[in-house]
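To be precise, the following lines are target-v9.pdb, and they hold PDB, C-alpha atoms and all ligand atoms.
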```pdb
ATOM      1  CA  MET Z   1      65.790  69.066  64.586
ATOM      2  CA  THR Z   2      66.041  66.812  61.581
ATOM      3  CA  GLU Z   3      69.728  66.334  60.957
ATOM      4  CA  GLY Z   4      72.568  64.370  62.417
ATOM      5  CA  LYS Z   5      73.092  60.891  63.776
ATOM      6  CA  ILE Z   6      71.439  58.970  66.574
ATOM      7  CA  TRP Z   7      73.079  56.038  68.365
ATOM      8  CA  ILE Z   8      70.835  52.977  68.695
ATOM      9  CA  ASP Z   9      71.996  49.701  70.232
ATOM     10  CA  GLY Z  10      75.600  50.144  69.172
ATOM     11  CA  SER Z  11      75.232  51.823  65.759
ATOM     12  CA  LEU Z  12      75.050  55.423  64.645
ATOM     13  CA  VAL Z  13      72.134  55.849  62.240
ATOM     14  CA  GLU Z  14      70.810  58.816  60.272
ATOM     15  CA  TRP Z  15      68.395  61.028  62.261
ATOM     16  CA  ASN Z  16      65.459  60.163  60.003
ATOM     17  CA  GLN Z  17      66.174  56.428  60.195
ATOM     18  CA  ALA Z  18      66.084  56.271  63.997
ATOM     19  CA  LYS Z  19      62.682  54.568  64.128
ATOM     20  CA  ILE Z  20      60.991  52.079  66.428
ATOM     21  CA  HIS Z  21      58.018  49.733  66.070
ATOM     22  CA  VAL Z  22      54.587  51.144  67.036
ATOM     23  CA  LEU Z  23      54.108  48.234  69.418
ATOM     24  CA  THR Z  24      57.183  49.219  71.439
ATOM     25  CA  HIS Z  25      56.367  48.477  75.089
ATOM     26  CA  GLY Z  26      57.731  51.793  76.342
ATOM     27  CA  LEU Z  27      55.391  53.693  74.025
ATOM     28  CA  HIS Z  28      52.279  51.919  75.330
ATOM     29  CA  TYR Z  29      53.118  51.538  78.999
ATOM     30  CA  GLY Z  30      55.743  54.205  79.745
ATOM     31  CA  THR Z  31      58.458  51.621  80.468
ATOM     32  CA  ALA Z  32      61.452  53.741  79.530
ATOM     33  CA  VAL Z  33      64.094  55.535  81.584
ATOM     34  CA  PHE Z  34      66.206  58.393  80.345
ATOM     35  CA  GLU Z  35      68.701  61.133  81.105
ATOM     36  CA  GLY Z  36      69.112  64.764  80.177
ATOM     37  CA  ILE Z  37      72.758  65.830  79.996
ATOM     38  CA  ARG Z  38      74.448  68.951  78.658
ATOM     39  CA  CYS Z  39      77.643  69.589  76.772
ATOM     40  CA  TYR Z  40      79.252  73.045  76.801
ATOM     41  CA  GLN Z  41      81.869  74.825  74.751
ATOM     42  CA  THR Z  42      84.890  75.778  76.895
ATOM     43  CA  ASP Z  43      88.323  77.260  76.141
ATOM     44  CA  ASN Z  44      89.648  73.688  76.052
ATOM     45  CA  GLY Z  45      86.960  72.394  73.707
ATOM     46  CA  LEU Z  46      83.613  70.738  74.312
ATOM     47  CA  ALA Z  47      82.947  69.315  77.756
ATOM     48  CA  VAL Z  48      80.097  67.205  79.150
ATOM     49  CA  PHE Z  49      78.814  68.201  82.598
ATOM     50  CA  ARG Z  50      78.785  65.469  85.275
ATOM     51  CA  LEU Z  51      78.675  62.655  82.738
ATOM     52  CA  THR Z  52      79.571  59.918  85.242
ATOM     53  CA  ASP Z  53      76.790  61.021  87.582
ATOM     54  CA  HIS Z  54      74.221  61.051  84.781
ATOM     55  CA  ILE Z  55      75.236  57.564  83.632
ATOM     56  CA  GLN Z  56      74.997  56.301  87.207
ATOM     57  CA  ARG Z  57      71.499  57.783  87.549
ATOM     58  CA  LEU Z  58      70.473  56.100  84.282
ATOM     59  CA  MET Z  59      71.760  52.763  85.588
ATOM     60  CA  ASN Z  60      69.897  53.287  88.874
ATOM     61  CA  SER Z  61      66.681  54.135  87.026
ATOM     62  CA  ALA Z  62      67.064  51.014  84.855
ATOM     63  CA  LYS Z  63      67.632  48.824  87.920
ATOM     64  CA  MET Z  64      64.340  49.954  89.418
ATOM     65  CA  TYR Z  65      62.554  48.772  86.251
ATOM     66  CA  PHE Z  66      64.458  45.439  86.027
ATOM     67  CA  MET Z  67      66.059  46.567  82.762
ATOM     68  CA  ASP Z  68      68.968  44.555  81.475
ATOM     69  CA  ILE Z  69      71.322  47.253  80.154
ATOM     70  CA  ARG Z  70      73.707  45.298  77.961
ATOM     71  CA  TYR Z  71      76.369  48.006  78.068
ATOM     72  CA  SER Z  72      78.801  48.883  80.821
ATOM     73  CA  LYS Z  73      79.030  52.409  82.185
ATOM     74  CA  LYS Z  74      82.279  52.829  80.229
ATOM     75  CA  GLU Z  75      80.578  51.687  77.007
ATOM     76  CA  LEU Z  76      77.710  54.138  77.552
ATOM     77  CA  HIS Z  77      80.210  56.888  78.296
ATOM     78  CA  ASP Z  78      82.035  56.154  75.023
ATOM     79  CA  ALA Z  79      78.757  55.926  73.083
ATOM     80  CA  ILE Z  80      77.731  59.380  74.338
ATOM     81  CA  ILE Z  81      81.094  60.881  73.327
ATOM     82  CA  ASP Z  82      80.876  59.156  69.910
ATOM     83  CA  THR Z  83      77.382  60.566  69.369
ATOM     84  CA  ILE Z  84      78.515  64.092  70.231
ATOM     85  CA  ASN Z  85      81.447  63.761  67.832
ATOM     86  CA  ALA Z  86      79.304  62.258  65.058
ATOM     87  CA  ASN Z  87      77.036  65.298  65.235
ATOM     88  CA  LYS Z  88      79.872  67.843  65.218
ATOM     89  CA  SER Z  89      78.028  69.340  68.156
ATOM     90  CA  GLU Z  90      78.657  72.628  69.886
ATOM     91  CA  ASP Z  91      76.662  73.414  73.028
ATOM     92  CA  CYS Z  92      74.119  70.613  73.080
ATOM     93  CA  TYR Z  93      71.618  68.602  75.065
ATOM     94  CA  ILE Z  94      72.141  64.832  75.203
ATOM     95  CA  ARG Z  95      69.262  62.393  75.650
ATOM     96  CA  PRO Z  96      70.123  58.751  76.354
ATOM     97  CA  ILE Z  97      67.006  56.588  76.700
ATOM     98  CA  ALA Z  98      66.597  52.892  77.590
ATOM     99  CA  TYR Z  99      63.260  51.310  76.774
ATOM    100  CA  TYR Z 100      61.493  47.985  76.683
ATOM    101  CA  GLY Z 101      61.000  47.303  72.991
ATOM    102  CA  TYR Z 102      58.694  45.439  70.645
ATOM    103  CA  GLY Z 103      58.017  41.826  71.524
ATOM    104  CA  LYS Z 104      55.181  40.541  73.611
ATOM    105  CA  MET Z 105      52.225  42.871  74.215
ATOM    106  CA  GLY Z 106      50.765  43.150  77.703
ATOM    107  CA  VAL Z 107      51.711  45.075  80.789
ATOM    108  CA  ASN Z 108      54.638  42.821  81.746
ATOM    109  CA  PRO Z 109      57.712  44.132  79.872
ATOM    110  CA  LEU Z 110      60.147  41.466  81.030
ATOM    111  CA  PRO Z 111      59.989  39.259  77.888
ATOM    112  CA  ASN Z 112      60.940  42.226  75.686
ATOM    113  CA  LYS Z 113      64.417  43.360  74.716
ATOM    114  CA  VAL Z 114      65.746  46.568  76.259
ATOM    115  CA  SER Z 115      67.104  48.974  73.650
ATOM    116  CA  ILE Z 116      69.171  52.099  74.190
ATOM    117  CA  ALA Z 117      69.278  55.200  72.054
ATOM    118  CA  ILE Z 118      71.302  58.402  72.384
ATOM    119  CA  ALA Z 119      70.306  61.613  70.597
ATOM    120  CA  VAL Z 120      71.887  65.058  70.818
ATOM    121  CA  TRP Z 121      70.454  68.388  69.774
ATOM    122  CA  LYS Z 122      70.824  72.080  70.345
ATOM    123  CA  TRP Z 123      68.290  73.129  72.968
ATOM    124  CA  ASP Z 124      68.713  76.748  73.930
ATOM    125  CA  GLU Z 125      65.619  77.886  75.682
ATOM    126  CA  TYR Z 126      63.564  75.560  77.848
ATOM    127  CA  ILE Z 127      61.831  78.159  80.001
ATOM    128  CA  ARG Z 128      60.880  81.332  78.136
ATOM    129  CA  GLU Z 129      63.779  83.740  78.074
ATOM    130  CA  SER Z 130      62.543  86.592  75.915
ATOM    131  CA  GLU Z 131      63.311  88.893  78.865
ATOM    132  CA  PRO Z 132      65.960  86.896  80.774
ATOM    133  CA  GLN Z 133      66.404  89.552  83.472
ATOM    134  CA  LYS Z 134      62.717  89.110  84.325
ATOM    135  CA  GLY Z 135      62.065  86.117  86.506
ATOM    136  CA  ALA Z 136      60.001  83.268  85.096
ATOM    137  CA  ARG Z 137      56.276  83.230  85.850
ATOM    138  CA  LEU Z 138      55.111  80.104  87.668
ATOM    139  CA  ILE Z 139      51.743  78.688  88.577
ATOM    140  CA  VAL Z 140      51.125  76.159  91.335
ATOM    141  CA  SER Z 141      49.652  73.261  89.405
ATOM    142  CA  SER Z 142      46.215  71.848  90.079
ATOM    143  CA  TRP Z 143      47.827  68.451  89.384
ATOM    144  CA  MET Z 144      49.429  66.890  92.451
ATOM    145  CA  ARG Z 145      52.910  65.381  91.976
ATOM    146  CA  ILE Z 146      52.840  61.586  91.987
ATOM    147  CA  ASP Z 147      54.885  60.163  94.824
ATOM    148  CA  GLY Z 148      56.931  57.203  95.988
ATOM    149  CA  ARG Z 149      53.880  55.237  97.047
ATOM    150  CA  SER Z 150      52.895  54.910  93.376
ATOM    151  CA  MET Z 151      56.146  55.202  91.412
ATOM    152  CA  PRO Z 152      59.870  55.052  92.209
ATOM    153  CA  MET Z 153      60.505  58.790  92.038
ATOM    154  CA  ASN Z 154      64.286  58.359  92.052
ATOM    155  CA  ALA Z 155      63.933  56.736  88.643
ATOM    156  CA  LYS Z 156      63.953  59.256  85.815
ATOM    157  CA  ALA Z 157      61.232  57.269  84.111
ATOM    158  CA  ALA Z 158      59.108  58.235  81.115
ATOM    159  CA  ALA Z 159      55.984  57.214  83.031
ATOM    160  CA  ASN Z 160      56.552  59.988  85.601
ATOM    161  CA  TYR Z 161      56.450  62.582  82.849
ATOM    162  CA  ALA Z 162      52.770  62.192  81.966
ATOM    163  CA  ASN Z 163      52.146  63.846  85.340
ATOM    164  CA  SER Z 164      54.769  66.527  84.525
ATOM    165  CA  ALA Z 165      53.317  67.083  81.047
ATOM    166  CA  LEU Z 166      49.810  67.676  82.424
ATOM    167  CA  ALA Z 167      51.202  70.303  84.801
ATOM    168  CA  ARG Z 168      53.319  71.982  82.134
ATOM    169  CA  MET Z 169      50.512  72.078  79.559
ATOM    170  CA  GLU Z 170      48.186  73.612  82.128
ATOM    171  CA  ALA Z 171      50.766  76.305  82.989
ATOM    172  CA  LEU Z 172      51.512  77.186  79.350
ATOM    173  CA  LYS Z 173      47.843  77.269  78.362
ATOM    174  CA  MET Z 174      47.193  79.684  81.225
ATOM    175  CA  GLY Z 175      49.993  81.965  80.007
ATOM    176  CA  PHE Z 176      52.633  81.037  82.611
ATOM    177  CA  ASP Z 177      56.176  79.812  81.901
ATOM    178  CA  GLU Z 178      56.293  76.728  84.119
ATOM    179  CA  ALA Z 179      54.332  74.776  86.727
ATOM    180  CA  VAL Z 180      55.423  74.094  90.278
ATOM    181  CA  MET Z 181      53.815  71.089  91.926
ATOM    182  CA  LEU Z 182      52.657  70.157  95.416
ATOM    183  CA  ASN Z 183      53.260  66.668  96.798
ATOM    184  CA  THR Z 184      50.542  64.584  98.443
ATOM    185  CA  ALA Z 185      51.332  66.292 101.777
ATOM    186  CA  GLY Z 186      50.541  69.649 100.164
ATOM    187  CA  LYS Z 187      54.176  70.817 100.224
ATOM    188  CA  ILE Z 188      56.054  72.407  97.331
ATOM    189  CA  ILE Z 189      58.111  69.649  95.752
ATOM    190  CA  GLU Z 190      59.480  70.550  92.301
ATOM    191  CA  ALA Z 191      58.555  72.052  88.956
ATOM    192  CA  SER Z 192      57.519  69.938  85.959
ATOM    193  CA  ALA Z 193      61.176  69.416  84.971
ATOM    194  CA  GLU Z 194      63.243  71.340  87.538
ATOM    195  CA  ASN Z 195      64.037  71.299  91.233
ATOM    196  CA  ILE Z 196      63.135  74.387  93.228
ATOM    197  CA  PHE Z 197      64.935  76.597  95.766
ATOM    198  CA  MET Z 198      63.690  79.610  97.701
ATOM    199  CA  VAL Z 199      65.868  82.163  99.476
ATOM    200  CA  ARG Z 200      64.795  83.742 102.773
ATOM    201  CA  ASP Z 201      67.105  86.001 104.803
ATOM    202  CA  ASN Z 202      70.021  84.841 102.663
ATOM    203  CA  VAL Z 203      69.364  81.139 103.399
ATOM    204  CA  SER Z 204      68.780  78.940 100.335
ATOM    205  CA  ILE Z 205      66.117  76.315 101.013
ATOM    206  CA  THR Z 206      65.117  73.289  98.915
ATOM    207  CA  PRO Z 207      62.788  70.353  99.646
ATOM    208  CA  PRO Z 208      64.322  66.960 100.501
ATOM    209  CA  ILE Z 209      64.578  64.203  97.892
ATOM    210  CA  SER Z 210      62.767  61.926 100.349
ATOM    211  CA  SER Z 211      59.652  64.088  99.822
ATOM    212  CA  GLY Z 212      59.485  62.911  96.223
ATOM    213  CA  ALA Z 213      61.622  65.310  94.146
ATOM    214  CA  LEU Z 214      63.969  63.964  91.498
ATOM    215  CA  ASN Z 215      67.548  63.755  92.735
ATOM    216  CA  GLY Z 216      68.539  66.552  90.372
ATOM    217  CA  ILE Z 217      72.169  66.844  89.371
ATOM    218  CA  THR Z 218      71.898  70.628  89.023
ATOM    219  CA  ARG Z 219      70.302  70.780  92.507
ATOM    220  CA  ASP Z 220      73.185  68.740  93.864
ATOM    221  CA  SER Z 221      75.663  71.046  92.104
ATOM    222  CA  VAL Z 222      74.016  74.112  93.686
ATOM    223  CA  LEU Z 223      74.177  72.490  97.139
ATOM    224  CA  SER Z 224      77.885  71.725  96.577
ATOM    225  CA  ILE Z 225      78.512  75.360  95.588
ATOM    226  CA  LEU Z 226      76.643  76.627  98.671
ATOM    227  CA  ARG Z 227      78.630  74.279 100.956
ATOM    228  CA  HIS Z 228      81.903  75.241  99.335
ATOM    229  CA  ASN Z 229      81.169  78.973  99.678
ATOM    230  CA  ARG Z 230      79.989  78.445 103.276
ATOM    231  CA  ASN Z 231      76.644  80.002 102.309
ATOM    232  CA  PRO Z 232      73.769  78.978 104.571
ATOM    233  CA  TYR Z 233      71.264  76.454 103.209
ATOM    234  CA  GLU Z 234      68.524  74.172 104.497
ATOM    235  CA  ILE Z 235      66.921  71.041 103.092
ATOM    236  CA  ARG Z 236      63.354  71.023 104.370
ATOM    237  CA  ASP Z 237      59.729  71.132 103.337
ATOM    238  CA  ILE Z 238      58.446  74.368 101.828
ATOM    239  CA  SER Z 239      54.802  75.390 102.067
ATOM    240  CA  ARG Z 240      52.966  77.174  99.281
ATOM    241  CA  ASP Z 241      52.437  80.376 101.269
ATOM    242  CA  GLU Z 242      56.121  80.533 102.248
ATOM    243  CA  LEU Z 243      57.018  80.500  98.587
ATOM    244  CA  TYR Z 244      54.815  83.539  97.916
ATOM    245  CA  ILE Z 245      56.737  85.619 100.479
ATOM    246  CA  ALA Z 246      60.241  84.326  99.699
ATOM    247  CA  ASP Z 247      62.947  86.914  98.944
ATOM    248  CA  GLU Z 248      63.973  84.895  95.879
ATOM    249  CA  VAL Z 249      62.954  81.686  94.129
ATOM    250  CA  PHE Z 250      64.925  79.834  91.485
ATOM    251  CA  LEU Z 251      64.656  76.610  89.515
ATOM    252  CA  THR Z 252      67.484  74.196  88.680
ATOM    253  CA  GLY Z 253      67.598  71.657  85.870
ATOM    254  CA  THR Z 254      69.791  70.428  83.060
ATOM    255  CA  ALA Z 255      67.512  71.798  80.342
ATOM    256  CA  SER Z 256      66.852  75.181  81.948
ATOM    257  CA  GLY Z 257      70.055  75.727  83.959
ATOM    258  CA  ILE Z 258      69.514  78.047  86.918
ATOM    259  CA  ARG Z 259      66.462  80.199  86.283
ATOM    260  CA  GLY Z 260      65.251  83.014  88.506
ATOM    261  CA  VAL Z 261      61.519  83.183  89.253
ATOM    262  CA  GLY Z 262      59.736  86.539  89.407
ATOM    263  CA  ASN Z 263      56.105  85.644  89.891
ATOM    264  CA  ILE Z 264      54.156  82.756  91.409
ATOM    265  CA  ASP Z 265      50.364  82.601  91.095
ATOM    266  CA  ASN Z 266      50.468  86.330  90.233
ATOM    267  CA  ARG Z 267      52.357  87.249  93.419
ATOM    268  CA  ILE Z 268      55.572  89.104  92.605
ATOM    269  CA  ILE Z 269      58.649  87.509  94.168
ATOM    270  CA  GLY Z 270      61.194  90.078  95.412
ATOM    271  CA  ASP Z 271      61.246  92.768  92.746
ATOM    272  CA  GLY Z 272      60.145  90.368  90.028
ATOM    273  CA  GLU Z 273      63.650  89.950  88.630
ATOM    274  CA  THR Z 274      66.370  87.375  89.212
ATOM    275  CA  GLY Z 275      67.563  87.963  92.809
ATOM    276  CA  GLN Z 276      71.092  88.625  94.080
ATOM    277  CA  VAL Z 277      71.708  85.226  95.694
ATOM    278  CA  THR Z 278      70.366  83.503  92.576
ATOM    279  CA  LYS Z 279      72.639  85.641  90.379
ATOM    280  CA  GLN Z 280      75.672  84.724  92.481
ATOM    281  CA  ILE Z 281      74.960  80.980  92.328
ATOM    282  CA  LYS Z 282      74.123  81.169  88.639
ATOM    283  CA  GLY Z 283      77.384  83.043  87.958
ATOM    284  CA  LYS Z 284      79.426  80.398  89.763
ATOM    285  CA  PHE Z 285      77.535  77.566  88.020
ATOM    286  CA  GLU Z 286      78.136  79.140  84.615
ATOM    287  CA  ALA Z 287      81.841  79.574  85.356
ATOM    288  CA  ILE Z 288      82.007  75.883  86.287
ATOM    289  CA  ILE Z 289      80.261  74.586  83.159
ATOM    290  CA  ARG Z 290      82.447  76.800  80.937
ATOM    291  CA  GLY Z 291      85.617  75.361  82.491
ATOM    292  CA  ASN Z 292      86.506  78.527  84.413
ATOM    293  CA  ASP Z 293      86.525  77.180  87.951
ATOM    294  CA  ASN Z 294      89.619  75.550  89.442
ATOM    295  CA  ILE Z 295      87.867  73.122  91.730
ATOM    296  CA  PHE Z 296      84.507  72.112  90.302
ATOM    297  CA  SER Z 297      85.291  72.282  86.575
ATOM    298  CA  LYS Z 298      88.081  69.763  87.080
ATOM    299  CA  LYS Z 299      85.814  67.450  89.004
ATOM    300  CA  TRP Z 300      82.689  67.706  86.872
ATOM    301  CA  LEU Z 301      83.713  68.217  83.245
ATOM    302  CA  THR Z 302      84.537  65.429  80.808
ATOM    303  CA  TYR Z 303      86.276  66.827  77.726
ATOM    304  CA  VAL Z 304      85.034  65.347  74.473
ATOM    305  CA  ASN Z 305      88.373  65.307  72.682
TER     306      ASN Z 305
HETATM  307  C1  LIG T 401      60.928  66.301  87.462
HETATM  308  C2  LIG T 401      62.313  66.831  87.419
HETATM  309  N1  LIG T 401      62.835  67.377  88.528
HETATM  310  C3  LIG T 401      64.086  67.885  88.532
HETATM  311  C4  LIG T 401      64.872  67.867  87.397
HETATM  312  C5  LIG T 401      66.274  68.443  87.429
HETATM  313  O1  LIG T 401      67.230  67.412  87.360
HETATM  314  P1  LIG T 401      68.664  67.650  86.720
HETATM  315  O2  LIG T 401      69.250  68.811  87.412
HETATM  316  O3  LIG T 401      69.403  66.385  86.978
HETATM  317  O4  LIG T 401      68.445  67.901  85.274
HETATM  318  C6  LIG T 401      64.384  67.315  86.229
HETATM  319  C7  LIG T 401      65.212  67.310  85.026
HETATM  320  O5  LIG T 401      65.264  66.467  84.266
HETATM  321  C8  LIG T 401      63.074  66.774  86.245
HETATM  322  O6  LIG T 401      62.554  66.243  85.133
END
```

If you convert what's in this file into structure tokens, what do you get?
Amino acid sequence: MTEGKIWIDGSLVEWNQAKIHVLTHGLHYGTAVFEGIRCYQTDNGLAVFRLTDHIQRLMNSAKMYFMDIRYSKKELHDAIIDTINANKSEDCYIRPIAYYGYGKMGVNPLPNKVSIAIAVWKWDEYIRESEPQKGARLIVSSWMRIDGRSMPMNAKAAANYANSALARMEALKMGFDEAVMLNTAGKIIEASAENIFMVRDNVSITPPISSGALNGITRDSVLSILRHNRNPYEIRDISRDELYIADEVFLTGTASGIRGVGNIDNRIIGDGETGQVTKQIKGKFEAIIRGNDNIFSKKWLTYVN
């Protein structure tokens, strides 16, 4: 990851020149908000998945941190497309970030300018996929997920990710693939960078956003697919023990896609492989992102050219 162009405050600059001052507010105090978006190769060329929804979530995150985004949604949309084109990208991950910059030091960021950068890169494997048919191995983190009493959890804010990073480092150091976190009520809430679903008796179940999970765009896409297919689903709290005895568990996120889970805290889930319901949803999701679905592809894909 050393080549290409990065968009900063209206200009495309060389990858190695995309630098910020060490006294950038966001670096010291976590005052940055960002998005993770994906772009996929389809038969009709490159397409960005749910671009409008990602830009809206970025704007919402910025609003919660009083950030003055000096670009309209249309301008950000165009900047993202320009950045993809400037990098001659194929399948890629897109990371727009807005941050309080260098100016006055101190906890209050308001005197400082808000900058925006957009980077794209190829990011194939977020959760280990050396044996993709095997479900991922999760550990329930010893770190509790921060919640809405401390931070606005609907903001995709850099500050929230110190909590995620602690959980993910713990999981990886213990030999697992990802961490799943409990909220302050002791309920399963989400993984370090994915939403979570379990399947019991053919019903797909995911915790409510009001319990503190990020309003994931992949989660929302899965719920739309389930509704459209008239497959049963519930949005409700999930306890840790229920997860151990689920028929299937899967994670959803832009970086990881839809990822089956085969093991949680050394309990095997189902037969330890990606389950049938998960496979069906994943198949439909992959058809959509590759432009092969009549209804959802039309609605959710923005073609780059
Ligand atoms: C904490 C957390 N939960 C859930 C998600 C999934 O959200 P999305 O599907 O919009 O990528 C992410 C992804 O960025 C995340 O960081």

Legend entry - Surrounding residues as an MDAnalysis selection string, ligand LIG 401 (chain T), max 7 Å, all atoms listed in the file: chainID Z and resid 36 164 190:195 213:219 252:255

Inset, instruction - Please write the residues picked by the PyMOL selection byres (((chain Z and resi 264-267) around 9) and not hetatm) on this file as a PyMOL selection string. - result: chain Z and resi 136-140+176+180+243-245+261-263+268-269

Inset, instruction - Please evaluate the PyMOL selection byres (((chain Z and resi 282) around 10) and not hetatm) against the structure above and give the resulting residues as a list in words. - result: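 Taken over the shown coordinates, the PyMOL selection byres (((chain Z and resi 282) around 10) and not hetatm) returns Val222, Phe250, Thr252, Gly257, Ile258, Arg259, Gly260, Thr274, Gln276, Val277, Thr278, Lys279, Gln280, Ile281, Gly283, Lys284, Phe285, Glu286, Ala287 and Ile288 of chain Z.
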
Legend entry - Evaluate the PyMOL selection byres (((chain Z and resi 198) around 7) and not hetatm) and report residues as a list in words: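 What the PyMOL selection byres (((chain Z and resi 198) around 7) and not hetatm) grabs from the file is Ile196, Phe197, Val199, Arg200, Ser204, Ile205, Thr206, Leu243, Ala246, Glu248, Val249 and Phe250 of chain Z.
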
Inset, instruction - Excluding Z:Glu14 and any residue of its chain fewer than 6 positions from it, enumerate the residues within 7 Å of it, using only C-alpha atoms, and give them as JSON, numbers by chain. - result: {"Z": [4, 5, 6]}

Got a sec: who's within 8 Å of Z:Pro207, counting only C-alpha atoms, leaving out chain neighbours fewer than 4 positions off, as a CSV table (one decimal) with C-alpha atoms, in the frame of the given file?
```csv
chain,number,residue,atom,x,y,z
Z,188,ILE,CA,56.1,72.4,97.3
Z,189,ILE,CA,58.1,69.6,95.8
Z,196,ILE,CA,63.1,74.4,93.2
Z,197,PHE,CA,64.9,76.6,95.8
Z,211,SER,CA,59.7,64.1,99.8
Z,213,ALA,CA,61.6,65.3,94.1
Z,235,ILE,CA,66.9,71.0,103.1
Z,236,ARG,CA,63.4,71.0,104.4
Z,237,ASP,CA,59.7,71.1,103.3
Z,238,ILE,CA,58.4,74.4,101.8
```

Inset, instruction - For Z:Thr31, please output as an NGL selection string all residues within 8 Å (counting all atoms listed in the file; exclusion window: fewer than 3 positions along the same chain). - result: :Z and (25-27 or 65 or 99-100 or 109 or 157-159)

Inset, instruction - Between Z:Ile127, Z:Lys104, Z:Gln41, Z:Gly135, single out the one closest to Z:Arg168, counting only C-alpha atoms. - result: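 Smallest distance to Z:Arg168 is found for Z:Ile127.
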
Legend entry - Option closest in space to Z:Asn305, from Z:Glu131, Z:Glu3, Z:Asp82, Z:Glu75 [counting all atoms listed in the file]: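 Residue with the minimum atom-to-atom distance to Z:Asn305: Z:Asp82.
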
Legend entry - Nearest to Z:Ile118 by atom-to-atom distance, counting all atoms listed in the file, from Z:Gly272, Z:Gly10, Z:Pro96, Z:Gly175: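 Smallest separation from Z:Ile118 among the options: Z:Pro96.
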
Legend entry - For Z:Pro111, the nearest of the candidates Z:Leu301, Z:Met67, Z:Ile84, Z:Ile146, counting all atoms listed in the file: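 Ranking Z:Leu301, Z:Met67, Z:Ile84, Z:Ile146 by distance to Z:Pro111, first place goes to Z:Met67.
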
Legend entry - Separation of atom CA of Z:Asp220 from atom CA of Z:Leu182 in Å: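 The value is 20.6 Å.
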
Legend entry - Atomic distance atom CA of Z:Arg240 - atom CA of Z:Glu125, expressed in Å with one decimal: 26.8 Å

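You will find atom CA of Z:Arg145 at 18.6 Å from atom CA of Z:Glu242.
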
Any idea what's packed within 12 Å of Z:Ile295, counting all atoms listed in the file, ignoring anything in its chain fewer than 2 positions away? Could you give it as a PDB file with C-alpha atoms, in the frame of the given file?
```pdb
ATOM      1  CA  SER Z 224      77.885  71.725  96.577  1.00  0.00           C
ATOM      2  CA  ILE Z 225      78.512  75.360  95.588  1.00  0.00           C
ATOM      3  CA  HIS Z 228      81.903  75.241  99.335  1.00  0.00           C
ATOM      4  CA  ASN Z 229      81.169  78.973  99.678  1.00  0.00           C
ATOM      5  CA  LYS Z 284      79.426  80.398  89.763  1.00  0.00           C
ATOM      6  CA  PHE Z 285      77.535  77.566  88.020  1.00  0.00           C
ATOM      7  CA  ALA Z 287      81.841  79.574  85.356  1.00  0.00           C
ATOM      8  CA  ILE Z 288      82.007  75.883  86.287  1.00  0.00           C
ATOM      9  CA  ILE Z 289      80.261  74.586  83.159  1.00  0.00           C
ATOM     10  CA  GLY Z 291      85.617  75.361  82.491  1.00  0.00           C
ATOM     11  CA  ASN Z 292      86.506  78.527  84.413  1.00  0.00           C
ATOM     12  CA  ASP Z 293      86.525  77.180  87.951  1.00  0.00           C
ATOM     13  CA  SER Z 297      85.291  72.282  86.575  1.00  0.00           C
ATOM     14  CA  LYS Z 298      88.081  69.763  87.080  1.00  0.00           C
ATOM     15  CA  LYS Z 299      85.814  67.450  89.004  1.00  0.00           C
ATOM     16  CA  TRP Z 300      82.689  67.706  86.872  1.00  0.00           C
ATOM     17  CA  LEU Z 301      83.713  68.217  83.245  1.00  0.00           C
TER      18      LEU Z 301
END
```

Inset, instruction - Name the closest residue to Z:Asn87 among the candidates Z:Asp43, Z:Leu12, Z:Val22, Z:Gln133; distances are taken between atoms, counting all atoms listed in the file. - result: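 Among the listed residues, the smallest separation from Z:Asn87 belongs to Z:Leu12.
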
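Restricting the calculation to all atoms listed in the file, the smallest distance between Z:Phe66 and any of Z:Cys39, Z:Ala155, Z:Val120, Z:Leu46 is found for Z:Ala155.
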
Give, as AutoDock Vina command-line options, the centre coordinates and the x, y and z edge lengths in Å to one decimal for an axis-aligned box around all listed atoms of stretch 267-280 of chain Z, padded by 4 Å on each side.
```
--center_x 64.0 --center_y 88.1 --center_z 92.2 --size_x 31.3 --size_y 17.3 --size_z 15.1
```

Legend entry - Selection: 8 Å around Z:Glu35, only C-alpha atoms, excl. self and same-chain fewer than 2 positions, as a list in words: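 With the cut-off at 8 Å, the set is Val33, Ile37, His54, Ile55, Arg57, Leu58, Ile94, Arg95, Pro96, Ile97 and Lys156 of chain Z.
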